[in-house]
$ cat data_32.cif   # mmCIF, C-alpha atoms and all ligand atoms
data_coords
loop_
_atom_site.label_atom_id
_atom_site.label_comp_id
_atom_site.auth_asym_id
_atom_site.auth_seq_id
_atom_site.Cartn_x
_atom_site.Cartn_y
_atom_site.Cartn_z
CA MET A 1 107.96 159.27 168.52
CA LYS A 2 107.64 157.61 165.13
CA ILE A 3 108.44 154.02 164.20
CA PHE A 4 109.96 153.16 160.86
CA ILE A 5 110.12 149.57 159.64
CA ASP A 6 113.74 148.62 158.92
CA SER A 7 112.97 146.19 156.11
CA ALA A 8 112.48 145.75 152.37
CA ASP A 9 109.92 142.98 152.91
CA THR A 10 106.62 144.21 151.47
CA GLU A 11 104.52 141.76 153.51
CA GLU A 12 106.12 142.87 156.78
CA VAL A 13 105.54 146.49 155.86
CA LYS A 14 101.86 145.76 155.09
CA LYS A 15 101.50 143.93 158.40
CA TYR A 16 102.77 146.82 160.50
CA LEU A 17 101.02 149.42 158.40
CA SER A 18 97.68 147.78 159.14
CA ALA A 19 98.55 147.72 162.85
CA GLY A 20 99.20 151.47 162.82
CA LEU A 21 102.89 150.96 163.59
CA CYS A 22 104.52 152.10 160.37
CA ASP A 23 105.38 155.78 160.06
CA GLY A 24 107.97 155.12 157.37
CA VAL A 25 110.38 152.50 156.00
CA THR A 26 114.18 152.32 155.85
CA THR A 27 116.28 150.00 153.72
CA ASN A 28 119.94 149.64 152.87
CA PRO A 29 121.87 147.34 150.53
CA THR A 30 122.30 144.72 153.28
CA ILE A 31 118.59 144.73 154.11
CA CYS A 32 117.68 144.47 150.40
CA LEU A 33 120.00 141.48 150.03
CA LYS A 34 118.54 139.83 153.13
CA CYS A 35 114.98 140.42 151.90
CA GLY A 36 115.73 138.77 148.54
CA VAL A 37 115.54 141.91 146.39
CA ALA A 38 116.93 140.62 143.08
CA GLY A 39 117.74 142.25 139.75
CA GLY A 40 120.43 144.74 140.73
CA MET A 41 119.63 148.45 140.60
CA GLU A 42 116.39 147.87 138.66
CA GLY A 43 115.27 145.40 141.33
CA ILE A 44 116.00 147.89 144.10
CA LYS A 45 114.07 150.58 142.25
CA ARG A 46 111.10 148.28 141.67
CA ARG A 47 110.90 147.30 145.34
CA THR A 48 111.37 150.92 146.40
CA ILE A 49 108.48 152.08 144.22
CA GLN A 50 106.30 149.25 145.57
CA ILE A 51 106.95 150.13 149.21
CA ALA A 52 106.85 153.89 148.63
CA LYS A 53 103.36 153.53 147.08
CA LEU A 54 102.20 151.27 149.87
CA ILE A 55 103.15 153.70 152.62
CA GLU A 56 102.68 157.11 150.99
CA PRO A 57 102.81 159.85 152.17
CA ARG A 58 105.12 158.34 154.80
CA PRO A 59 108.83 158.44 153.87
CA MET A 60 110.66 155.56 152.22
CA SER A 61 114.47 155.56 152.54
CA VAL A 62 116.62 153.93 149.88
CA GLU A 63 120.42 153.97 149.91
CA VAL A 64 122.85 154.83 147.12
CA THR A 65 125.17 152.02 146.08
CA SER A 66 128.29 153.97 145.07
CA GLU A 67 131.20 155.73 146.78
CA ASN A 68 131.83 158.00 143.82
CA PRO A 69 130.44 161.52 144.43
CA GLU A 70 129.29 162.01 140.82
CA GLU A 71 127.56 158.63 140.79
CA ILE A 72 125.96 159.35 144.16
CA LEU A 73 124.54 162.61 142.81
CA GLN A 74 123.11 160.85 139.78
CA GLN A 75 121.67 157.90 141.71
CA ALA A 76 120.14 160.19 144.31
CA ARG A 77 118.46 162.31 141.64
CA ASP A 78 117.14 159.14 139.96
CA TYR A 79 115.83 157.71 143.23
CA ALA A 80 114.17 161.01 144.13
CA LYS A 81 112.17 160.83 140.89
CA LEU A 82 110.74 157.40 141.75
CA ALA A 83 108.13 158.77 144.17
CA GLU A 84 107.28 161.90 146.13
CA ASN A 85 108.02 160.27 149.48
CA ILE A 86 111.59 159.05 148.79
CA ALA A 87 114.45 159.93 151.14
CA VAL A 88 117.88 159.09 149.75
CA LYS A 89 120.32 157.51 152.17
CA ILE A 90 123.92 158.60 151.84
CA THR A 91 126.64 157.53 154.25
CA ILE A 92 128.42 160.47 155.89
CA THR A 93 131.80 159.42 154.47
CA ASP A 94 133.18 156.75 152.18
CA ARG A 95 135.00 153.72 153.55
CA GLU A 96 138.25 155.73 153.79
CA GLY A 97 136.61 158.57 155.72
CA LYS A 98 136.30 160.99 152.79
CA SER A 99 133.40 163.36 153.41
CA PHE A 100 130.16 163.17 151.43
CA LEU A 101 128.84 166.35 153.05
CA PRO A 102 129.35 168.48 149.90
CA VAL A 103 127.26 165.96 147.94
CA ILE A 104 124.62 165.98 150.67
CA GLN A 105 124.51 169.79 150.80
CA LYS A 106 124.10 169.93 147.02
CA LEU A 107 121.31 167.37 146.89
CA VAL A 108 119.38 169.13 149.65
CA SER A 109 119.74 172.43 147.79
CA GLU A 110 118.27 170.71 144.71
CA GLY A 111 115.23 169.61 146.70
CA VAL A 112 116.23 165.96 147.24
CA ARG A 113 115.22 164.66 150.65
CA VAL A 114 118.19 162.97 152.34
CA ASN A 115 118.84 160.51 155.13
CA VAL A 116 122.48 160.83 156.22
CA THR A 117 123.36 157.39 157.44
CA ALA A 118 125.89 155.08 159.14
CA MET A 119 126.77 157.69 161.76
CA THR A 120 128.17 156.57 165.09
CA THR A 121 129.22 159.83 166.76
CA PHE A 122 127.64 163.07 167.99
CA ASN A 123 130.13 165.13 165.96
CA GLN A 124 129.27 163.40 162.69
CA ALA A 125 125.60 164.07 163.31
CA ILE A 126 125.96 167.80 164.02
CA LEU A 127 128.14 168.20 160.92
CA ALA A 128 125.50 166.39 158.87
CA ALA A 129 122.80 168.63 160.35
CA LYS A 130 124.80 171.72 159.43
CA ALA A 131 125.29 170.51 155.83
CA ILE A 132 121.57 169.81 155.49
CA LYS A 133 120.65 173.20 156.96
CA SER A 134 123.01 174.93 154.56
CA GLY A 135 121.42 173.08 151.62
CA MET A 136 117.94 174.10 152.77
CA GLU A 137 118.99 177.72 153.18
CA ALA A 138 120.53 177.76 149.70
CA ASN A 139 117.16 177.05 148.17
CA PRO A 140 114.37 177.40 150.76
CA GLU A 141 111.49 177.09 148.29
CA LYS A 142 112.72 173.65 147.17
CA ALA A 143 113.35 172.26 150.65
CA LYS A 144 111.51 168.98 151.16
CA THR A 145 111.37 168.10 154.85
CA PRO A 146 111.97 166.40 157.13
CA HIS A 147 115.49 165.31 156.28
CA PHE A 148 116.94 162.57 158.47
CA ILE A 149 120.15 161.96 160.37
CA SER A 150 120.65 158.31 161.29
CA ILE A 151 122.65 157.26 164.33
CA PHE A 152 123.51 153.57 164.40
CA ALA A 153 122.95 153.14 168.11
CA GLY A 154 123.38 149.35 168.07
CA ARG A 155 126.79 149.68 166.49
CA ILE A 156 127.79 152.31 169.06
CA SER A 157 126.66 149.92 171.80
CA GLU A 158 128.73 147.07 170.44
CA GLU A 159 131.86 149.16 171.06
CA GLN A 160 130.92 151.49 173.89
CA GLY A 161 127.75 150.21 175.56
CA VAL A 162 124.05 151.07 175.36
CA GLU A 163 124.40 154.04 177.69
CA ARG A 164 126.91 155.75 175.44
CA ALA A 165 124.45 155.35 172.54
CA PHE A 166 121.68 156.74 174.78
CA ASN A 167 123.75 159.83 175.61
CA VAL A 168 124.74 160.52 172.01
CA LEU A 169 121.07 160.45 170.98
CA LYS A 170 119.87 162.54 173.92
CA GLU A 171 122.57 165.18 173.50
CA LEU A 172 121.96 165.32 169.77
CA ARG A 173 118.24 166.05 170.31
CA ASN A 174 119.16 168.74 172.85
CA TRP A 175 121.62 170.28 170.41
CA LEU A 176 119.08 170.40 167.55
CA ASP A 177 116.48 171.98 169.84
CA PHE A 178 118.88 174.44 171.49
CA HIS A 179 120.10 175.71 168.11
CA GLN A 180 116.57 175.66 166.71
CA TYR A 181 117.24 173.32 163.83
CA LYS A 182 113.98 172.76 161.94
CA GLY A 183 113.17 170.09 159.38
CA ILE A 184 115.76 167.57 160.55
CA GLU A 185 114.80 164.42 162.46
CA ILE A 186 116.96 161.88 164.28
CA ILE A 187 116.57 158.22 163.35
CA VAL A 188 117.83 155.58 165.79
CA GLY A 189 119.22 152.75 163.65
CA SER A 190 120.72 149.33 164.41
CA VAL A 191 118.00 148.54 166.92
CA ARG A 192 118.64 144.92 167.88
CA THR A 193 116.46 144.04 170.88
CA PRO A 194 113.22 145.01 172.68
CA GLU A 195 115.45 146.39 175.45
CA ASN A 196 117.03 148.75 172.88
CA VAL A 197 113.53 149.91 171.91
CA GLU A 198 112.60 150.60 175.52
CA TYR A 199 115.83 152.42 176.34
CA TRP A 200 116.36 154.49 173.23
CA SER A 201 112.68 155.52 173.04
CA ARG A 202 113.49 157.78 175.96
CA THR A 203 116.26 159.74 174.27
CA GLY A 204 114.00 162.27 172.53
CA ALA A 205 115.04 160.90 169.12
CA HIS A 206 112.20 161.51 166.68
CA ILE A 207 112.21 158.04 165.13
CA LEU A 208 113.25 154.47 165.90
CA THR A 209 113.71 152.28 162.86
CA ILE A 210 113.09 148.72 163.96
CA PRO A 211 113.50 145.39 162.16
CA PRO A 212 110.20 143.43 161.98
CA GLU A 213 111.54 140.62 164.18
CA VAL A 214 112.35 143.09 166.96
CA ILE A 215 108.86 144.63 166.72
CA ALA A 216 107.38 141.11 166.96
CA LYS A 217 109.43 140.40 170.08
CA SER A 218 108.49 143.78 171.57
CA LEU A 219 104.85 142.75 171.40
CA LEU A 220 105.40 139.93 173.87
CA GLY A 221 105.12 140.40 177.62
CA ALA A 222 106.60 137.91 180.06
CA ARG A 223 103.21 136.84 181.49
CA THR A 224 100.71 138.16 178.93
CA LYS A 225 99.96 134.82 177.24
CA GLU A 226 99.33 133.12 180.57
CA THR A 227 97.06 135.98 181.67
CA VAL A 228 95.01 135.85 178.49
CA ALA A 229 94.65 132.05 178.84
CA GLN A 230 93.36 132.53 182.41
CA PHE A 231 90.77 135.12 181.30
CA ILE A 232 89.51 133.00 178.41
CA ASN A 233 89.25 129.85 180.55
CA ASP A 234 87.38 131.68 183.32
CA ALA A 235 85.06 133.34 180.81
CA LYS A 236 84.23 129.89 179.47
CA LYS A 237 83.52 128.59 182.97
CA SER A 238 81.16 131.44 183.84
CA MET A 239 79.33 131.02 180.50
CA GLU A 240 78.86 127.32 181.29
CA GLU A 241 77.53 128.14 184.77
CA LEU A 242 75.08 130.67 183.34
CA ALA A 243 73.90 128.13 180.78
C1 LIG B 301 118.63 152.01 159.26
O1 LIG B 301 118.29 152.94 158.54
C2 LIG B 301 119.84 151.24 159.10
O2 LIG B 301 120.14 150.97 157.78
C3 LIG B 301 119.88 150.02 159.96
O3 LIG B 301 119.20 150.17 161.16
C4 LIG B 301 121.29 149.52 160.09
O4 LIG B 301 121.41 148.60 161.07
P1 LIG B 301 122.62 147.57 161.18
O5 LIG B 301 123.58 148.09 162.16
O6 LIG B 301 121.92 146.35 161.67
O7 LIG B 301 123.22 147.41 159.83
#
$ encode --input "data_32.cif" --output "structure tokens" --more "lines below"
Ligand code: E4P
Amino acid sequence: MKIFIDSADTEEVKKYLSAGLCDGVTTNPTICLKCGVAGGMEGIKRRTIQIAKLIEPRPMSVEVTSENPEEILQQARDYAKLAENIAVKITITDREGKSFLPVIQKLVSEGVRVNVTAMTTFNQAILAAKAIKSGMEANPEKAKTPHFISIFAGRISEEQGVERAFNVLKELRNWLDFHQYKGIEIIVGSVRTPENVEYWSRTGAHILTIPPEVIAKSLLGARTKETVAQFINDAKKSMEELA
């Protein structure tokens, strides 16, 4: 299982890269805003290039900022030119539920790597997988893989509980394997707690994208600090005795 860092904070990315915990990075407009990415579209592009360089060849996901299909196509093509390891995030529908799958299929057929995002159901995810597969088949020599399908497990949990999210992820992995889908990986998004990490790591999803603060919390064990203190104190005592 891979871990992506769900952040646009370059220092956090560096930190987890050097710990061997960063297999990729995901951002979205909300994350960019939270991480102080300024300067509009140019600012987003600058930060994207910075992070993409830092983590290459690992994938860097950046999200389009429009709900207009023509604008999405243009932005996605522009983003894809920023670096070799860019994956363009496109929500499965617009805010009214209008499908972006034709746009996604087209971009994949042009050789743009996509991350279909903001999905909260099994059905959305298999439709996204089918659109991606169709795009890859339309132009196999251009296909840049893996493409990603992002399930927002935390948001599913908020409505329907963590177990429902678990089952959606598990069944989705089974479905991809059963139908022999290649070059498409599941990302678990909206990971909110260390308990989410523990639970959803067992679904067979290929990737968990985790905010830095949740990774930091996941590093802590209930009695680890106390145990380390005991070892260090006793080591000191035995050194003193030896001396
Ligand atoms: C990841 O790719 C997503 O953008 C992210 O995990 C979304 O999480 P949220 O539900 O906290 O917005």
$ residues_near_ligand --input "data_32.cif" --ligand "ligand LIG 301 (chain B)" --cutoff "9 Å" --atoms "all atoms listed in the file" --output "PyMOL selection string"
chain A and resi 4-7+25-31+61-63+89+115+117-118+150-155+187-192+208-211
$ residues_around --input "data_32.cif" --residues "segment 9-14 of chain A" --least-positions-apart "3" --cutoff "12 Å" --atoms "only C-alpha atoms" --output "VMD selection string"
chain A and resid 3 to 6 17 to 27 31 to 37 44 46 to 55 58 60 210 to 216
$ atom_distance --input "data_32.cif" --atom1 "atom CA of Val103 of chain A" --atom2 "atom CA of Pro146 of chain A"
17.8 Å
$ closest_residue --input "data_32.cif" --among "A:Glu110, A:Glu240, A:Glu56, A:Glu67" --to "Asn85 of chain A" --atoms "all atoms listed in the file"
A:Glu56
$ residues_around --input "data_32.cif" --residues "Lys81 of chain A" --least-positions-apart "6" --cutoff "12 Å" --atoms "all atoms listed in the file" --output "list in words"
Lys45, Thr48, Ile49, Ala52, Gln74, Gln75, Ala87, Val88, Gly111, Val112 and Arg113 of chain A
$ atom_distance --input "data_32.cif" --atom1 "atom CA of Glu159 of chain A" --atom2 "atom CA of Lys2 of chain A"
26.3 Å
$ residues_around --input "data_32.cif" --residues "segment 94-100 of chain A" --least-positions-apart "6" --cutoff "10 Å" --atoms "all atoms listed in the file" --output "mmCIF file with C-alpha atoms, keeping the file's coordinate frame"
data_model
loop_
_atom_site.group_PDB
_atom_site.id
_atom_site.type_symbol
_atom_site.label_atom_id
_atom_site.label_comp_id
_atom_site.auth_asym_id
_atom_site.auth_seq_id
_atom_site.Cartn_x
_atom_site.Cartn_y
_atom_site.Cartn_z
ATOM 1 C CA SER A 66 128.290 153.970 145.070
ATOM 2 C CA GLU A 67 131.200 155.730 146.780
ATOM 3 C CA ASN A 68 131.830 158.000 143.820
ATOM 4 C CA PRO A 69 130.440 161.520 144.430
ATOM 5 C CA ILE A 72 125.960 159.350 144.160
ATOM 6 C CA VAL A 116 122.480 160.830 156.220
ATOM 7 C CA ALA A 128 125.500 166.390 158.870
ATOM 8 C CA ALA A 131 125.290 170.510 155.830
#
$ atom_distance --input "data_32.cif" --atom1 "atom CA of Leu172 of chain A" --atom2 "atom CA of Thr121 of chain A"
9.6 Å
$ residues_around --input "data_32.cif" --residues "Gly135 of chain A" --least-positions-apart "3" --cutoff "10 Å" --atoms "all atoms listed in the file" --output "list in words"
Pro102, Val103, Ile104, Gln105, Lys106, Leu107, Val108, Ser109, Glu110, Gly111, Val112, Ala129, Lys130, Ala131, Ile132, Ala138, Asn139, Pro140, Lys142 and Ala143 of chain A
$ closest_residue --input "data_32.cif" --among "A:Asn167, A:Gln230, A:Ser218, A:Gln160" --to "Gly204 of chain A" --atoms "all atoms listed in the file"
A:Asn167
$ closest_residue --input "data_32.cif" --among "A:Lys15, A:Lys237, A:Lys182, A:Arg202" --to "Thr145 of chain A" --atoms "all atoms listed in the file"
A:Lys182
